[in-house]
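Asker: Mind looking over this structure? Questions follow.
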Amino acid sequence: MGKYKCVIFDCDGVLVDSETLGNTVLVTMANALGANINLEYALKHFKGGTIQGVVKQIEVLIGKPAPNNFIDNYRKTSYELFKKEIQPVKGIVEVLNNIKQPFCVASSGPEEKIKLNLECTGLLNYFENKIFSCYTIQKWKPDPAVFLWAAETMGYNPEECVVIEDSITGVRAARNGGFDAFGFTEHDYNNELEKEATLTFDKMEQLIRLLK
């Protein structure tokens with residue numbers, strides 16, 4: 001085993017390929033309100049943010065408040081799409097089967113969403129009783145609280161752990177908590193991870209070597 005004793009994975013975009021699906025729903029809903037955006041815009045501006053923050057961005061675009069049920073409708077519609085189409089990130093199963101360190105998942109999404117997406121992609125068994133959601137503690141990235149909670153529960157100090165993230169918000173949360181952060185850049189649409197992550201990699205299979 002190498003430098004790190006524990007691996008903390010983000011979920012969306014790291015374990016499950018959910019970013020395009022979720023943002024497709026957001027684009028459709030935002031455009032129905034007059035936002036006039038496309039998927040590329042959403043991936044560049046919404047990725048890594050909270051749904052509350054995304055709604056605020058949409059409200060600026062449309063120049064009025066979003067409907068009160070916007071988030072509930074987004075959850076319902078996106079969950080149905082996830083059930084039909086979500087896939088694991090390419091290479092992640094090989095990683096989970098080969099890394100030697102204990103690992104867990106820490107995500108900004110609600111626990112029900114994390115569990116749904118892991119179950120639909122066949123990954124849930126890897127993370128039983130090792131799921132940490134920002135919603136549980138009501139603190140969101142770039143606050144490092146969810147990573148600190150995960151590390152403590154797993155029995156390690158931040159400097160003994162590495163966080164695997166694909167968003168700048170997540171990388172900043174990890175670094176704010178004293179963690180090393182590996183940036184997964186396969187879908188780094190704004191080319192922003194390299195300057196703040198401990199290191200970056202663009203193919204998930206590479207992580208096995210990086211963790212040795």
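Residues in the structure tokens are numbered from 1 in each chain, the chains being A, B, ... in the order shown, and ligands are numbered from 1 in the order shown.
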Mind dumping a table of every segment 12-80 of chain A residue within 10 Å of segment 182-194 of chain A, with the nearest atom pair and its distance in Å to one decimal, using only C-alpha atoms, sorted by chain and rising number, as CSV?
Answerer:
residue,atom,partner,partner_atom,distance
A:Gly13,CA,A:His187,CA,8.0
A:Val14,CA,A:Phe184,CA,7.3
A:Glu19,CA,A:His187,CA,9.3
A:Glu40,CA,A:Tyr189,CA,8.6
A:Tyr41,CA,A:Tyr189,CA,9.8
A:Leu43,CA,A:Tyr189,CA,7.1
A:Lys44,CA,A:Tyr189,CA,5.8
A:His45,CA,A:Asn190,CA,9.0
A:Lys47,CA,A:Tyr189,CA,9.1
Asker: Among segment 16-171 of chain A, which residues carry a DSSP assignment of alpha helix (DSSP H), reported as a ChimeraX atom specification?
Answerer: /A:19-32,39-45,51-62,70-85,92-98,111-120,134-137,145-154,168-171
Asker: Name all residues at most 8 Å from Ala173 of chain A (count only C-alpha atoms; drop same-chain ones fewer than 4 positions away) and give them as a PyMOL selection string.
Answerer: chain A and resi 141-144+147+169+177
Asker: Could you state the separation of atom CA of Gly34 of chain A and atom CA of Ile62 of chain A in Å, given to one decimal place?
Answerer: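 So the two atoms, atom CA of Gly34 of chain A and atom CA of Ile62 of chain A, lie 5.7 Å apart.
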Asker: Can you pull out the residues contacting Leu26 of chain A? Cut-off 8 Å, using only C-alpha atoms, and skip same-chain residues under 3 positions away; I want them as an MDAnalysis selection string.
Answerer: chainID A and resid 22:23 29:30 42 74
Asker: Quick one: residues within 12 Å of Ile71 of chain A, only C-alpha atoms counted, chain neighbours fewer than 5 positions away excluded, as a PyMOL selection string?
Answerer: chain A and resi 25-26+29-30+50-56+58+66+76-79
Asker: Could you write those residues out with all heavy atoms, as a CSV table (one decimal), in the first residue's frame?
Answerer:
chain,number,residue,atom,x,y,z
A,25,VAL,N,-31.7,17.2,-18.1
A,25,VAL,CA,-33.0,17.5,-17.5
A,25,VAL,C,-33.0,19.0,-17.1
A,25,VAL,O,-34.0,19.7,-17.3
A,25,VAL,CB,-33.2,16.6,-16.2
A,25,VAL,CG1,-34.5,17.0,-15.5
A,25,VAL,CG2,-33.3,15.1,-16.7
A,26,LEU,N,-31.9,19.5,-16.5
A,26,LEU,CA,-31.9,20.9,-16.1
A,26,LEU,C,-32.1,21.8,-17.3
A,26,LEU,O,-32.8,22.8,-17.2
A,26,LEU,CB,-30.6,21.2,-15.4
A,26,LEU,CG,-30.5,20.7,-14.0
A,26,LEU,CD1,-29.0,20.8,-13.5
A,26,LEU,CD2,-31.4,21.4,-13.1
A,29,MET,N,-35.7,21.8,-18.4
A,29,MET,CA,-36.6,22.5,-17.5
A,29,MET,C,-36.3,24.0,-17.5
A,29,MET,O,-37.2,24.8,-17.4
A,29,MET,CB,-36.4,22.0,-16.1
A,29,MET,CG,-36.9,20.5,-15.9
A,29,MET,SD,-36.7,19.9,-14.2
A,29,MET,CE,-37.7,21.0,-13.3
A,30,ALA,N,-35.0,24.4,-17.6
A,30,ALA,CA,-34.7,25.8,-17.6
A,30,ALA,C,-35.2,26.5,-18.9
A,30,ALA,O,-35.7,27.6,-18.9
A,30,ALA,CB,-33.1,25.9,-17.5
A,50,THR,N,-24.5,22.9,-6.1
A,50,THR,CA,-25.7,22.4,-5.5
A,50,THR,C,-26.9,22.7,-6.3
A,50,THR,O,-26.8,23.6,-7.1
A,50,THR,CB,-25.9,23.0,-4.1
A,50,THR,OG1,-26.2,24.4,-4.3
A,50,THR,CG2,-24.7,22.8,-3.2
A,51,ILE,N,-27.9,21.9,-6.2
A,51,ILE,CA,-29.1,22.2,-7.0
A,51,ILE,C,-29.7,23.6,-6.6
A,51,ILE,O,-30.2,24.3,-7.5
A,51,ILE,CB,-30.2,21.1,-6.8
A,51,ILE,CG1,-31.4,21.3,-7.8
A,51,ILE,CG2,-30.6,21.0,-5.4
A,51,ILE,CD1,-31.0,21.3,-9.2
A,52,GLN,N,-29.5,24.0,-5.4
A,52,GLN,CA,-30.0,25.3,-5.0
A,52,GLN,C,-29.2,26.4,-5.7
A,52,GLN,O,-29.8,27.4,-6.2
A,52,GLN,CB,-29.9,25.5,-3.5
A,52,GLN,CG,-30.8,24.6,-2.6
A,52,GLN,CD,-30.3,23.2,-2.4
A,52,GLN,OE1,-29.2,22.9,-2.9
A,52,GLN,NE2,-31.1,22.4,-1.7
A,53,GLY,N,-27.9,26.2,-5.8
A,53,GLY,CA,-27.1,27.2,-6.6
A,53,GLY,C,-27.4,27.2,-8.0
A,53,GLY,O,-27.4,28.3,-8.7
A,54,VAL,N,-27.7,26.0,-8.6
A,54,VAL,CA,-28.1,26.0,-10.0
A,54,VAL,C,-29.4,26.7,-10.3
A,54,VAL,O,-29.5,27.5,-11.2
A,54,VAL,CB,-28.2,24.5,-10.5
A,54,VAL,CG1,-28.9,24.4,-11.8
A,54,VAL,CG2,-26.9,23.8,-10.5
A,55,VAL,N,-30.4,26.5,-9.4
A,55,VAL,CA,-31.6,27.2,-9.5
A,55,VAL,C,-31.4,28.8,-9.5
A,55,VAL,O,-32.0,29.5,-10.3
A,55,VAL,CB,-32.6,26.8,-8.4
A,55,VAL,CG1,-33.9,27.7,-8.4
A,55,VAL,CG2,-33.0,25.4,-8.6
A,56,LYS,N,-30.5,29.2,-8.6
A,56,LYS,CA,-30.2,30.7,-8.6
A,56,LYS,C,-29.7,31.2,-9.9
A,56,LYS,O,-30.0,32.2,-10.4
A,56,LYS,CB,-29.3,31.0,-7.4
A,56,LYS,CG,-29.9,30.8,-6.0
A,56,LYS,CD,-28.9,31.1,-4.9
A,56,LYS,CE,-29.6,31.0,-3.6
A,56,LYS,NZ,-28.6,31.2,-2.5
A,58,ILE,N,-30.3,29.8,-12.8
A,58,ILE,CA,-31.4,29.8,-13.8
A,58,ILE,C,-32.2,31.0,-13.6
A,58,ILE,O,-32.7,31.6,-14.6
A,58,ILE,CB,-32.2,28.5,-13.7
A,58,ILE,CG1,-31.3,27.3,-14.1
A,58,ILE,CG2,-33.5,28.5,-14.4
A,58,ILE,CD1,-31.9,25.9,-13.9
A,66,ALA,N,-37.8,30.9,-10.1
A,66,ALA,CA,-38.2,29.6,-10.6
A,66,ALA,C,-39.4,29.2,-9.8
A,66,ALA,O,-39.6,29.6,-8.6
A,66,ALA,CB,-37.1,28.6,-10.5
A,76,LYS,N,-37.6,14.2,-9.4
A,76,LYS,CA,-38.4,13.2,-9.9
A,76,LYS,C,-38.1,12.8,-11.4
A,76,LYS,O,-37.9,11.6,-11.7
A,76,LYS,CB,-39.9,13.7,-9.9
A,76,LYS,CG,-40.9,12.6,-10.4
A,76,LYS,CD,-42.3,13.1,-10.3
A,76,LYS,CE,-43.3,12.1,-10.9
A,76,LYS,NZ,-44.7,12.6,-10.8
A,77,THR,N,-37.9,13.8,-12.2
A,77,THR,CA,-37.6,13.6,-13.6
A,77,THR,C,-36.2,13.0,-13.8
A,77,THR,O,-36.0,12.0,-14.6
A,77,THR,CB,-37.7,14.9,-14.4
A,77,THR,OG1,-38.9,15.5,-14.2
A,77,THR,CG2,-37.5,14.6,-15.9
A,78,SER,N,-35.2,13.5,-13.1
A,78,SER,CA,-33.8,13.0,-13.2
A,78,SER,C,-33.7,11.6,-12.7
A,78,SER,O,-33.0,10.7,-13.3
A,78,SER,CB,-32.8,13.9,-12.6
A,78,SER,OG,-33.1,14.0,-11.2
A,79,TYR,N,-34.4,11.3,-11.6
A,79,TYR,CA,-34.4,9.9,-11.0
A,79,TYR,C,-34.9,8.9,-12.0
A,79,TYR,O,-34.4,7.8,-12.2
A,79,TYR,CB,-35.1,9.8,-9.7
A,79,TYR,CG,-34.5,10.5,-8.5
A,79,TYR,CD1,-33.3,11.2,-8.6
A,79,TYR,CD2,-35.1,10.4,-7.2
A,79,TYR,CE1,-32.7,11.8,-7.6
A,79,TYR,CE2,-34.5,11.0,-6.1
A,79,TYR,CZ,-33.3,11.7,-6.3
A,79,TYR,OH,-32.7,12.3,-5.2
Asker: Could you work out how far atom CA of Trp149 of chain A lies from atom CA of Glu205 of chain A, giving the answer in Å with one decimal?
Answerer: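 For atom CA of Glu205 of chain A relative to atom CA of Trp149 of chain A, the distance reads 27.0 Å.
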Asker: Using only C-alpha atoms for the distances, tell me which of A:Ile99, A:Val171, A:Ile92, A:Leu81 is nearest to Leu123 of chain A.
Answerer: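 Closest residue, counting only C-alpha atoms: A:Ile92.
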Asker: Calculated over only C-alpha atoms, which of the candidates A:Val95, A:Ser108, A:Asn36, A:Glu160 has the smallest distance to Leu207 of chain A?
Answerer: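 Once distances to Leu207 of chain A are computed over only C-alpha atoms, the minimum belongs to A:Val95.
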Asker: Using only C-alpha atoms, pick whichever of A:Thr24, A:Pro110, A:Phe9, A:Gln138 has the shortest atom-to-atom distance to Ala150 of chain A.
Answerer: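 That would be A:Phe9, the residue with the smallest distance to Ala150 of chain A.
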Asker: For Lys90 of chain A, which residue among A:Cys134, A:Leu148, A:Ile37, A:Leu15 is the nearest when counting only C-alpha atoms?
Answerer: A:Leu15
Asker: What's the 12 Å shell around Lys84 of chain A, counting only C-alpha atoms, without same-chain residues fewer than 4 positions away, as a PyMOL selection string?
Answerer: chain A and resi 18+21+77-80+116-117+120-121
